[in-house]
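Structure data follow from upload_6.cif (mmCIF, C-alpha atoms):
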```cif
data_final
#
loop_
_atom_site.group_PDB
_atom_site.id
_atom_site.type_symbol
_atom_site.label_atom_id
_atom_site.label_comp_id
_atom_site.auth_asym_id
_atom_site.auth_seq_id
_atom_site.Cartn_x
_atom_site.Cartn_y
_atom_site.Cartn_z
ATOM 1 C CA MET A 1 118.828 193.822 -30.189
ATOM 2 C CA TYR A 2 121.843 195.415 -28.550
ATOM 3 C CA ILE A 3 123.493 193.621 -25.578
ATOM 4 C CA ASN A 4 126.026 195.456 -23.445
ATOM 5 C CA CYS A 5 128.828 192.941 -22.898
ATOM 6 C CA ASP A 6 130.660 195.262 -20.545
ATOM 7 C CA ASN A 7 127.776 195.034 -18.060
ATOM 8 C CA TYR A 8 127.886 191.221 -18.113
ATOM 9 C CA ARG A 9 131.621 191.248 -17.577
ATOM 10 C CA PHE A 10 131.190 193.669 -14.678
ATOM 11 C CA MET A 11 128.517 191.471 -13.131
ATOM 12 C CA ASP A 12 130.662 188.362 -13.579
ATOM 13 C CA THR A 13 133.566 190.145 -11.916
ATOM 14 C CA GLN A 14 131.374 191.178 -8.983
ATOM 15 C CA GLU A 15 130.063 187.642 -8.567
ATOM 16 C CA GLY A 16 133.607 186.270 -8.715
ATOM 17 C CA ASN A 17 134.828 188.724 -6.097
ATOM 18 C CA LEU A 18 131.853 187.931 -3.888
ATOM 19 C CA ALA A 19 132.488 184.197 -4.204
ATOM 20 C CA THR A 20 136.155 184.710 -3.415
ATOM 21 C CA THR A 21 135.259 186.813 -0.385
ATOM 22 C CA VAL A 22 132.760 184.229 0.830
ATOM 23 C CA ILE A 23 135.303 181.445 0.407
ATOM 24 C CA SER A 24 138.003 183.480 2.148
ATOM 25 C CA VAL A 25 135.726 184.374 5.070
ATOM 26 C CA THR A 26 134.571 180.754 5.328
ATOM 27 C CA LEU A 27 138.156 179.505 5.351
ATOM 28 C CA GLY A 28 139.045 182.151 7.896
ATOM 29 C CA PHE A 29 136.227 181.043 10.194
ATOM 30 C CA LEU A 30 137.236 177.417 9.717
ATOM 31 C CA LEU A 31 140.851 178.203 10.531
ATOM 32 C CA LEU A 32 139.821 180.302 13.523
ATOM 33 C CA GLY A 33 137.521 177.523 14.711
ATOM 34 C CA GLY A 34 140.326 175.012 14.222
ATOM 35 C CA PHE A 35 142.741 177.128 16.241
ATOM 36 C CA ILE A 36 140.143 177.586 18.989
ATOM 37 C CA ILE A 37 139.484 173.840 19.117
ATOM 38 C CA PHE A 38 143.248 173.173 19.103
ATOM 39 C CA PHE A 39 143.876 175.544 22.006
ATOM 40 C CA ILE A 40 140.918 174.139 23.933
ATOM 41 C CA VAL A 41 142.243 170.597 23.477
ATOM 42 C CA LEU A 42 145.795 171.727 24.323
ATOM 43 C CA ASN A 43 144.573 173.537 27.436
ATOM 44 C CA ARG A 44 142.556 170.503 28.502
ATOM 45 C CA PHE A 45 145.623 168.322 27.958
ATOM 46 C CA ARG A 46 147.714 170.642 30.119
ATOM 47 C CA ILE A 47 145.067 170.706 32.846
ATOM 48 C CA ASN A 48 144.824 166.901 32.839
ATOM 49 C CA LYS A 49 148.623 166.634 32.890
ATOM 50 C CA HIS A 50 148.781 169.060 35.830
ATOM 51 C CA ILE A 51 146.123 167.049 37.683
ATOM 52 C CA ARG A 52 148.036 163.808 37.044
ATOM 53 C CA GLU A 53 151.318 165.385 38.175
ATOM 54 C CA LYS A 54 149.629 166.762 41.295
ATOM 55 C CA LYS A 55 148.181 163.336 42.118
ATOM 56 C CA ASP A 56 151.561 161.710 41.485
ATOM 57 C CA MET A 57 153.220 164.284 43.770
ATOM 58 C CA GLU A 58 150.614 163.655 46.465
ATOM 59 C CA ASN A 59 151.197 159.896 46.189
ATOM 60 C CA ILE A 60 154.971 160.368 46.400
ATOM 61 C CA PHE A 61 154.550 162.686 49.388
ATOM 62 C CA SER A 62 152.276 160.153 51.147
ATOM 63 C CA GLN A 63 154.737 157.314 50.479
ATOM 64 C CA THR A 64 157.671 159.429 51.675
ATOM 65 C CA LEU A 65 155.756 160.451 54.786
ATOM 66 C CA LEU A 66 154.941 156.824 55.577
ATOM 67 C CA GLN A 67 158.548 155.788 54.970
ATOM 68 C CA THR A 68 159.706 158.636 57.214
ATOM 69 C CA GLN A 69 157.379 157.518 60.004
ATOM 70 C CA LEU A 70 158.651 153.939 59.739
ATOM 71 C CA GLU A 71 162.288 155.070 59.763
ATOM 72 C CA ILE A 72 161.744 157.301 62.797
ATOM 73 C CA GLN A 73 160.028 154.452 64.623
ATOM 74 C CA GLU A 74 162.879 152.094 63.728
ATOM 75 C CA GLN A 75 165.471 154.610 64.902
ATOM 76 C CA THR A 76 163.455 155.225 68.075
ATOM 77 C CA LEU A 77 163.421 151.510 68.883
ATOM 78 C CA LYS A 78 167.194 151.340 68.381
ATOM 79 C CA THR A 79 167.629 154.368 70.629
ATOM 80 C CA ILE A 80 165.384 152.871 73.306
ATOM 81 C CA SER A 81 167.252 149.575 73.177
ATOM 82 C CA GLN A 82 170.612 151.308 73.522
ATOM 83 C CA GLU A 83 169.351 153.666 76.234
ATOM 84 C CA ILE A 84 167.942 150.819 78.311
ATOM 85 C CA HIS A 85 171.153 148.810 77.943
ATOM 86 C CA ASP A 86 173.708 151.596 78.375
ATOM 87 C CA ASN A 87 171.969 153.941 80.778
ATOM 88 C CA ILE A 88 168.874 152.697 82.571
ATOM 89 C CA GLY A 89 170.278 149.186 82.993
ATOM 90 C CA GLN A 90 173.479 150.527 84.557
ATOM 91 C CA VAL A 91 171.572 152.878 86.859
ATOM 92 C CA LEU A 92 169.361 150.058 88.135
ATOM 93 C CA SER A 93 172.406 147.809 88.514
ATOM 94 C CA LEU A 94 174.044 150.457 90.722
ATOM 95 C CA ALA A 95 170.862 150.738 92.768
ATOM 96 C CA LYS A 96 170.799 146.957 93.176
ATOM 97 C CA LEU A 97 174.470 146.955 94.178
ATOM 98 C CA ASN A 98 173.773 149.593 96.828
ATOM 99 C CA LEU A 99 170.889 147.608 98.260
ATOM 100 C CA ASN A 100 172.862 144.336 98.233
ATOM 101 C CA THR A 101 175.778 145.857 100.133
ATOM 102 C CA ILE A 102 173.737 147.515 102.864
ATOM 103 C CA ASP A 103 174.985 146.785 106.369
ATOM 104 C CA ILE A 104 172.181 147.544 108.838
ATOM 105 C CA THR A 105 174.727 147.810 111.658
ATOM 106 C CA LYS A 106 176.308 150.888 110.055
ATOM 107 C CA GLN A 107 173.654 153.556 110.371
ATOM 108 C CA ASP A 108 175.477 156.383 108.560
ATOM 109 C CA GLU A 109 176.370 154.168 105.592
ATOM 110 C CA LEU A 110 172.874 152.674 105.608
ATOM 111 C CA LEU A 111 171.158 156.052 105.221
ATOM 112 C CA GLU A 112 173.626 157.118 102.553
ATOM 113 C CA LYS A 113 173.099 153.973 100.457
ATOM 114 C CA ILE A 114 169.317 154.106 100.805
ATOM 115 C CA SER A 115 169.320 157.760 99.732
ATOM 116 C CA GLY A 116 171.646 156.993 96.816
ATOM 117 C CA SER A 117 169.474 154.059 95.728
ATOM 118 C CA LYS A 118 166.353 156.243 95.822
ATOM 119 C CA GLN A 119 168.066 158.815 93.606
ATOM 120 C CA LEU A 120 169.188 156.145 91.145
ATOM 121 C CA VAL A 121 165.714 154.612 90.937
ATOM 122 C CA SER A 122 164.163 158.071 90.470
ATOM 123 C CA LYS A 123 166.612 158.756 87.631
ATOM 124 C CA ALA A 124 165.741 155.445 85.983
ATOM 125 C CA ILE A 125 162.016 156.237 86.235
ATOM 126 C CA GLN A 126 162.516 159.697 84.695
ATOM 127 C CA ASP A 127 164.618 158.248 81.874
ATOM 128 C CA LEU A 128 161.885 155.686 81.176
ATOM 129 C CA ARG A 129 159.303 158.469 81.066
ATOM 130 C CA ASP A 130 161.455 160.408 78.614
ATOM 131 C CA LEU A 131 161.801 157.330 76.430
ATOM 132 C CA SER A 132 158.064 156.679 76.496
ATOM 133 C CA LYS A 133 157.474 160.108 74.946
ATOM 134 C CA SER A 134 159.352 159.061 71.825
ATOM 135 C CA LEU A 135 157.572 155.774 71.190
ATOM 136 C CA ASN A 136 155.621 157.149 68.212
ATOM 137 C CA THR A 137 155.878 159.933 65.674
ATOM 138 C CA ASP A 138 152.824 161.705 67.118
ATOM 139 C CA ASN A 139 155.178 162.953 69.814
ATOM 140 C CA ILE A 140 156.954 165.151 67.263
ATOM 141 C CA ALA A 141 153.673 166.797 66.306
ATOM 142 C CA ALA A 142 152.910 167.303 70.001
ATOM 143 C CA ILE A 143 156.218 168.760 71.182
ATOM 144 C CA GLY A 144 157.380 170.385 67.946
ATOM 145 C CA LEU A 145 160.426 170.071 65.731
ATOM 146 C CA LEU A 146 162.923 171.927 67.922
ATOM 147 C CA ARG A 147 162.017 170.068 71.097
ATOM 148 C CA ALA A 148 162.388 166.767 69.223
ATOM 149 C CA ILE A 149 165.822 167.845 67.929
ATOM 150 C CA GLU A 150 166.797 168.974 71.438
ATOM 151 C CA TYR A 151 165.832 165.542 72.773
ATOM 152 C CA GLU A 152 168.024 163.839 70.136
ATOM 153 C CA LEU A 153 170.949 166.087 71.038
ATOM 154 C CA ASP A 154 170.467 165.363 74.744
ATOM 155 C CA LEU A 155 170.636 161.624 74.083
ATOM 156 C CA ILE A 156 173.829 162.073 72.056
ATOM 157 C CA LYS A 157 175.394 164.220 74.783
ATOM 158 C CA LYS A 158 174.393 161.752 77.479
ATOM 159 C CA ALA A 159 176.404 159.033 75.710
ATOM 160 C CA GLY A 160 179.527 161.029 76.589
ATOM 161 C CA GLU A 161 181.250 161.026 73.199
ATOM 162 C CA HIS A 162 180.035 164.367 71.851
ATOM 163 C CA GLN A 163 179.257 167.870 73.024
ATOM 164 C CA THR A 164 176.046 169.261 71.546
ATOM 165 C CA VAL A 165 174.705 172.788 71.090
ATOM 166 C CA LEU A 166 171.269 174.014 69.998
ATOM 167 C CA GLU A 167 170.876 177.700 69.116
ATOM 168 C CA ILE A 168 167.541 179.311 68.272
ATOM 169 C CA ASN A 169 167.305 182.765 66.694
ATOM 170 C CA GLY A 170 164.083 184.618 65.903
ATOM 171 C CA SER A 171 160.477 183.892 66.779
ATOM 172 C CA ILE A 172 159.535 180.243 66.409
ATOM 173 C CA ILE A 173 157.006 179.561 63.651
ATOM 174 C CA ARG A 174 155.894 175.955 63.314
ATOM 175 C CA PRO A 175 155.509 174.618 59.772
ATOM 176 C CA ASP A 176 152.996 171.996 58.711
ATOM 177 C CA PRO A 177 153.272 168.931 61.032
ATOM 178 C CA GLN A 178 153.932 166.611 58.078
ATOM 179 C CA LYS A 179 156.769 168.842 56.908
ATOM 180 C CA GLU A 180 158.114 168.937 60.468
ATOM 181 C CA LEU A 181 158.212 165.158 60.476
ATOM 182 C CA ILE A 182 160.225 164.995 57.244
ATOM 183 C CA VAL A 183 162.608 167.753 58.409
ATOM 184 C CA PHE A 184 163.132 165.912 61.701
ATOM 185 C CA ARG A 185 164.000 162.687 59.870
ATOM 186 C CA ILE A 186 166.534 164.547 57.722
ATOM 187 C CA VAL A 187 168.137 166.016 60.865
ATOM 188 C CA GLN A 188 168.025 162.651 62.615
ATOM 189 C CA GLU A 189 169.784 160.987 59.681
ATOM 190 C CA LEU A 190 172.439 163.709 59.617
ATOM 191 C CA LEU A 191 173.081 163.290 63.351
ATOM 192 C CA ASN A 192 173.405 159.523 62.933
ATOM 193 C CA ASN A 193 175.907 160.017 60.096
ATOM 194 C CA ILE A 194 177.970 162.375 62.264
ATOM 195 C CA ILE A 195 178.060 159.857 65.117
ATOM 196 C CA LYS A 196 179.030 156.966 62.830
ATOM 197 C CA HIS A 197 181.494 158.582 60.442
ATOM 198 C CA ALA A 198 182.609 162.110 61.351
ATOM 199 C CA GLU A 199 184.836 161.409 64.400
ATOM 200 C CA ALA A 200 183.572 164.744 65.708
ATOM 201 C CA LYS A 201 183.624 166.144 69.223
ATOM 202 C CA LEU A 202 181.119 168.962 68.762
ATOM 203 C CA ILE A 203 177.726 168.841 67.039
ATOM 204 C CA LYS A 204 175.917 172.135 66.588
ATOM 205 C CA VAL A 205 172.377 172.813 65.368
ATOM 206 C CA GLN A 206 171.256 176.375 64.633
ATOM 207 C CA ALA A 207 167.641 177.298 63.921
ATOM 208 C CA ASN A 208 167.200 180.743 62.376
ATOM 209 C CA TYR A 209 163.611 181.915 61.967
ATOM 210 C CA SER A 210 162.369 184.746 59.787
ATOM 211 C CA SER A 211 158.844 185.553 58.681
ATOM 212 C CA ALA A 212 159.498 183.751 55.400
ATOM 213 C CA GLU A 213 161.594 180.693 56.222
ATOM 214 C CA LEU A 214 163.261 178.427 58.731
ATOM 215 C CA GLU A 215 166.970 177.888 58.152
ATOM 216 C CA LEU A 216 168.472 174.909 59.956
ATOM 217 C CA THR A 217 172.262 174.547 60.055
ATOM 218 C CA ILE A 218 173.751 171.261 61.260
ATOM 219 C CA SER A 219 177.524 171.326 61.631
ATOM 220 C CA ASP A 220 180.300 169.269 63.201
ATOM 221 C CA ASP A 221 184.043 169.627 63.796
ATOM 222 C CA GLY A 222 184.855 166.164 62.449
ATOM 223 C CA LYS A 223 187.183 164.903 59.765
ATOM 224 C CA GLY A 224 184.984 165.946 56.837
ATOM 225 C CA PHE A 225 184.982 164.164 53.492
ATOM 226 C CA ASN A 226 185.236 164.696 49.751
ATOM 227 C CA LEU A 227 181.808 165.469 48.302
ATOM 228 C CA GLU A 228 182.881 165.357 44.650
ATOM 229 C CA PRO A 229 182.594 161.573 44.104
ATOM 230 C CA ILE A 230 179.223 161.500 45.859
ATOM 231 C CA GLU A 231 177.872 164.387 43.788
ATOM 232 C CA LYS A 232 178.661 162.515 40.564
ATOM 233 C CA GLU A 233 175.514 160.765 39.384
ATOM 234 C CA GLU A 234 177.211 157.489 38.614
ATOM 235 C CA ASN A 235 178.397 157.144 42.207
ATOM 236 C CA THR A 236 175.178 157.957 44.042
ATOM 237 C CA ASP A 237 174.179 154.321 44.532
ATOM 238 C CA ASN A 238 176.754 153.777 47.278
ATOM 239 C CA GLY A 239 175.704 154.100 50.921
ATOM 240 C CA SER A 240 176.739 157.704 51.527
ATOM 241 C CA GLY A 241 175.625 158.939 48.129
ATOM 242 C CA LEU A 242 172.244 157.262 48.373
ATOM 243 C CA GLY A 243 171.636 158.690 51.841
ATOM 244 C CA ILE A 244 172.521 162.215 50.736
ATOM 245 C CA ARG A 245 170.388 161.881 47.616
ATOM 246 C CA ASN A 246 167.441 160.717 49.728
ATOM 247 C CA MET A 247 167.825 163.762 51.971
ATOM 248 C CA HIS A 248 167.968 166.006 48.895
ATOM 249 C CA ASN A 249 164.811 164.403 47.484
ATOM 250 C CA ARG A 250 162.902 164.675 50.754
ATOM 251 C CA ALA A 251 163.852 168.326 51.127
ATOM 252 C CA LYS A 252 162.762 169.015 47.559
ATOM 253 C CA LEU A 253 159.443 167.265 48.189
ATOM 254 C CA ILE A 254 158.525 169.767 50.928
ATOM 255 C CA GLY A 255 159.869 172.764 49.002
ATOM 256 C CA ALA A 256 163.060 173.058 51.042
ATOM 257 C CA ASP A 257 166.586 173.786 49.834
ATOM 258 C CA PHE A 258 169.282 171.319 50.952
ATOM 259 C CA THR A 259 172.998 172.133 50.686
ATOM 260 C CA MET A 260 176.026 170.325 52.084
ATOM 261 C CA ASN A 261 179.615 171.550 52.366
ATOM 262 C CA SER A 262 182.518 169.554 53.725
ATOM 263 C CA ILE A 263 186.258 170.155 53.921
ATOM 264 C CA GLY A 264 188.756 167.499 54.917
ATOM 265 C CA GLY A 265 189.833 168.043 58.512
ATOM 266 C CA GLN A 266 187.405 170.935 59.016
ATOM 267 C CA GLY A 267 184.079 169.212 59.442
ATOM 268 C CA THR A 268 180.795 169.268 57.568
ATOM 269 C CA THR A 269 177.995 171.823 57.402
ATOM 270 C CA VAL A 270 174.479 171.214 56.112
ATOM 271 C CA LYS A 271 171.899 173.934 55.547
ATOM 272 C CA LEU A 272 168.199 173.249 55.172
ATOM 273 C CA LYS A 273 165.967 176.174 54.205
ATOM 274 C CA LEU A 274 162.233 175.573 54.544
ATOM 275 C CA PRO A 275 159.728 178.226 53.360
ATOM 276 C CA LEU A 276 157.138 178.983 56.037
ATOM 277 C CA ASN A 277 154.575 180.793 53.894
ATOM 278 C CA SER A 278 153.643 177.910 51.585
#
```

As a first step, turn the structure in this file into structure tokens.
Amino acid sequence: MYINCDNYRFMDTQEGNLATTVISVTLGFLLLGGFIIFFIVLNRFRINKHIREKKDMENIFSQTLLQTQLEIQEQTLKTISQEIHDNIGQVLSLAKLNLNTIDITKQDELLEKISGSKQLVSKAIQDLRDLSKSLNTDNIAAIGLLRAIEYELDLIKKAGEHQTVLEINGSIIRPDPQKELIVFRIVQELLNNIIKHAEAKLIKVQANYSSAELELTISDDGKGFNLEPIEKEENTDNGSGLGIRNMHNRAKLIGADFTMNSIGGQGTTVKLKLPLNS
């Protein structure tokens, strides 16, 4: 019987090629499935990481907001204490002095002192009303950022050591109330630093509004200072460096850009740019 060996070899070759193809396709599907599973796991990991980072950011924002509220309240109490002692107390003392020195036999002087006392008491009452408006941080949400800054500048000017200017350009657009609160605290801290350290005569705040952002510029004509040591990371744990770093961090938290420039003998300028469309 004749057997064609070439046919068997051909069939063996076909079976071998088919097996190789099957193995290759199977490996390809396994590799593809592995890549798909890998990317699914990687994507899930990224999503979970994003969720964790978002929660962490929300927690940091909440803690910063609470800290800001406490600091504003503390500063408000200090301001009230100083205002009562330096201003309202003196006004009422003058009113008391007028009343104690009244001579009912001198009619012209009597009317003048009574009128003067009434004006002094009215001023004291108005000052107390103004102070009562700043007893809590809800007032900032009610009156707005610029009115709150204007009130701070008025208090500084009333003390008699500084001239203050507030300029507003563009149409006012109010940001989120929580962001307003943090911006106000940054401005409040800058104003306090100017009063304590700058030896300035003029404090100027400019608010420039566009459709996209609010740019606040706080400047003074004081002695200025060298920013280089403070900007070095190893020196940021001192009082000035820590305060500036805190302002930077708070601005960053609300998506704002914080820059400070100072030249010895030429004052200091701070710019805060807050996006209004986010």

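In terms of minimum interatomic distance to Leu190 in chain A, A:Val205 ranks closest within A:Leu166, A:Ile125, A:Ile40, A:Val205, counting all atoms listed in the file.
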
* Structure fact -> Judged by all atoms listed in the file, the minimum distance to Lys78 in chain A among A:Leu145, A:Asn192, A:Lys49, A:Ile140 is found for A:Asn192

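CA of Glu150 in chain A sits 23.6 Å away from CA of Leu120 in chain A.
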
* Arg147 in chain A environment, 12 Å, only C-alpha atoms, sequence neighbours closer than 6 positions dropped, as a PyMOL selection string -> chain A and resi 133-134+139-141+153-154+166-168+172+174+180+184+207

Box centre and edge lengths (Å, one decimal), axis-aligned, range 18-31 of chain A plus 3 Å each side, as JSON:
```
{"center_x": 136.4, "center_y": 182.7, "center_z": 3.2, "size_x": 15.0, "size_y": 16.5, "size_z": 20.7}
```
